[in-house]
Structure formats: C-alpha cells, structure tokens
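Peer 1: Please see the structure below; I have some questions.
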Amino acid sequence: MSVQKILYAAGVLAMSCTTSLAGSNFPLPGDTYIISRDSNRVFRGSHRIYNRMSDGLVEVEYCGRAYWVRYATIAWTQLEVEQNYAVRVEFNWGKGWRPICNHPEEQVTLKGLGITEDPRVIVQNDGASVKRVNRFAAIRESFRPESGDNAAASFHSK
C-alpha cells in the first residue's frame with residue numbers, strides 16, 4: 001500500500017472521528033465543510049458549513065457564495081491558520097473532497113463580524129457571547145408602556 005493511500009485512509013478515519021465527536025453524521029455527498037490540512041495535505045479537522053439558515057448560525061460569504069456558519073467555526077478557522085495549517089472550503093461530491101474556496105480566513109473574520117472576543121474563548125464556548133434575543137421577550141417588551149405613559153383605568157378597577 002502506498003504512503004499516499006495510507007495518508008488518505010488516515011484522513012478519512014480522522015474525518016469520521018471528528019464529525020462524530022461533533023455530533024454530526026459522517027459527511028454525505030453534497031455536504032460542505034471548512035477543512036484544515038497540514039503541510040503534507042493530511043486532514044487535521046473540519047467544521048460543517050450550511051447552505052441555509054438555522055438557529056445559532058450567521059450568514060457569511062466565501063468566494064462569492066452565501067453560507068451559514070457558527071461563530072465557533074470562524075474562530076476555529078482563525079486558530080488553525082495561526083498554527084500554519086491550510087484551511088479551505090471543500091465539497092463532498094461522493095467520490096472524495098473537491099476544493100471550492102481557498103483562504104476562507106481572509107474572507108470572513110470575527111473582527112469583520114464585530115466580535116472582539118478571543119477566538120479560543122469562542123471555540124470553547126461554541127459561540128460568541130453576543131446577546132441573544134428571545135423573540136417572545138422582544139414581543140412582550142414592545143407592548144410594555146413607555147415611562148410616562150399612564151394606561152387608562154380599567155373598568156374592573158372601579
């Protein structure tokens with residue numbers, strides 16, 4: 001067995017371990033990931049990115065195409081590059097991985113999204129500690145009278 005095949009098998013095994021630990025299923029054809037590789041192009045880790053919006057995701061653009069990612073994914077990408085690993089957006093086309101966008105770390109940054117927290121904290125907490133808005137609390141708050149507004153006396157208070 002050639003060294004290249006062994007490295008490929010190790011990468012596939014590592015990919016399955018990483019994705020299963022992250023709570024995802026094994027990548028299916030059509031899945032898109034940001035993948036980190038070392039200088040020998042050996043798989044190091046990955047984060048799934050999505051083609052549609054969902055709770056906890058932020059819309060970004062890589063190579064002119066919209067995706068939705070977790071803040072932790074952006075932070076992880078930055079940390080991988082700081083360790084001199086190559087990251088890129090790759091697509092699983094069923095027969096392997098096809099690169100579709102190089103240098104995602106240059107296109108989307110935490111700073112560009114207004115996040116000033118340390119990326120290690122964001123990865124550890126699985127997201128930025130930005131204030132999340134509860135939709136029902138926002139609706140309730142919109143009906144609360146402003147200071148100085150006196151509600152009309154109720155018929156029941158007479």
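Starting from 1 in every chain, residues are counted up; chains themselves are A, B, ... following the order of the structure tokens, and ligands are numbered from 1 as listed.
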In region 77-140 of chain A, what's strand (DSSP E) per DSSP? Answer as a PyMOL selection string?

Peer 2: chain A and resi 86-92+97-102

Peer 1: Generate a file of the selected residues that holds C-alpha atoms, formatted as a PDB file, in the first residue's frame.

Peer 2:
ATOM      1  CA  ALA A  86      -4.144  25.363   5.430  1.00  0.00           C
ATOM      2  CA  VAL A  87      -7.921  25.762   5.543  1.00  0.00           C
ATOM      3  CA  ARG A  88     -10.322  25.821   2.657  1.00  0.00           C
ATOM      4  CA  VAL A  89     -13.959  25.222   1.854  1.00  0.00           C
ATOM      5  CA  GLU A  90     -14.404  21.746   0.396  1.00  0.00           C
ATOM      6  CA  PHE A  91     -17.390  19.922  -1.045  1.00  0.00           C
ATOM      7  CA  ASN A  92     -18.059  16.195  -0.678  1.00  0.00           C
ATOM      8  CA  TRP A  97     -13.408  16.105  -1.478  1.00  0.00           C
ATOM      9  CA  ARG A  98     -13.370  18.869  -4.037  1.00  0.00           C
ATOM     10  CA  PRO A  99     -11.897  22.250  -3.009  1.00  0.00           C
ATOM     11  CA  ILE A 100     -14.231  25.100  -3.828  1.00  0.00           C
ATOM     12  CA  CYS A 101     -12.750  28.072  -1.979  1.00  0.00           C
ATOM     13  CA  ASN A 102      -9.249  28.866  -0.740  1.00  0.00           C
TER      14      ASN A 102
END

Peer 1: Which of these, A:Gly56, A:Gly94, A:Gly64, A:Gly45, has the shortest distance to Tyr33 (chain A) once you count only C-alpha atoms?

Peer 2: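 Closest to Tyr33 (chain A), using only C-alpha atoms: A:Gly45.
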
Peer 1: Which residue is closest to Tyr85 (chain A)? Choose from A:Asn125, A:Gln107, A:Ser46, A:Ser142 and count only C-alpha atoms.

Peer 2: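 Looking only at the distances to Tyr85 (chain A), the closest residue turns out to be A:Ser46.
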
Peer 1: Would you list the contacts of Leu113 (chain A) as a PyMOL selection string, taking every protein, DNA or RNA residue within 12 Å and counting only C-alpha atoms, but skipping same-chain residues closer than 3 positions in sequence?

Peer 2: chain A and resi 58-61+70-71+74-75+107-110+116-117+128+130

Peer 1: Excluding Ser36 (chain A) and its own-chain neighbours fewer than 4 positions away, which residues fall within 12 Å of it when counting only C-alpha atoms? Please give them as a VMD selection string.

Peer 2: chain A and resid 11 14 to 15 18 40 to 48 73 76 to 90 99 102 to 105

Peer 1: Using only C-alpha atoms, which residue out of A:Glu106, A:Lys95, A:Ile115, A:Glu141 lies closest to Tyr62 (chain A)?

Peer 2: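 Among the listed residues, A:Glu106 lies closest to Tyr62 (chain A).
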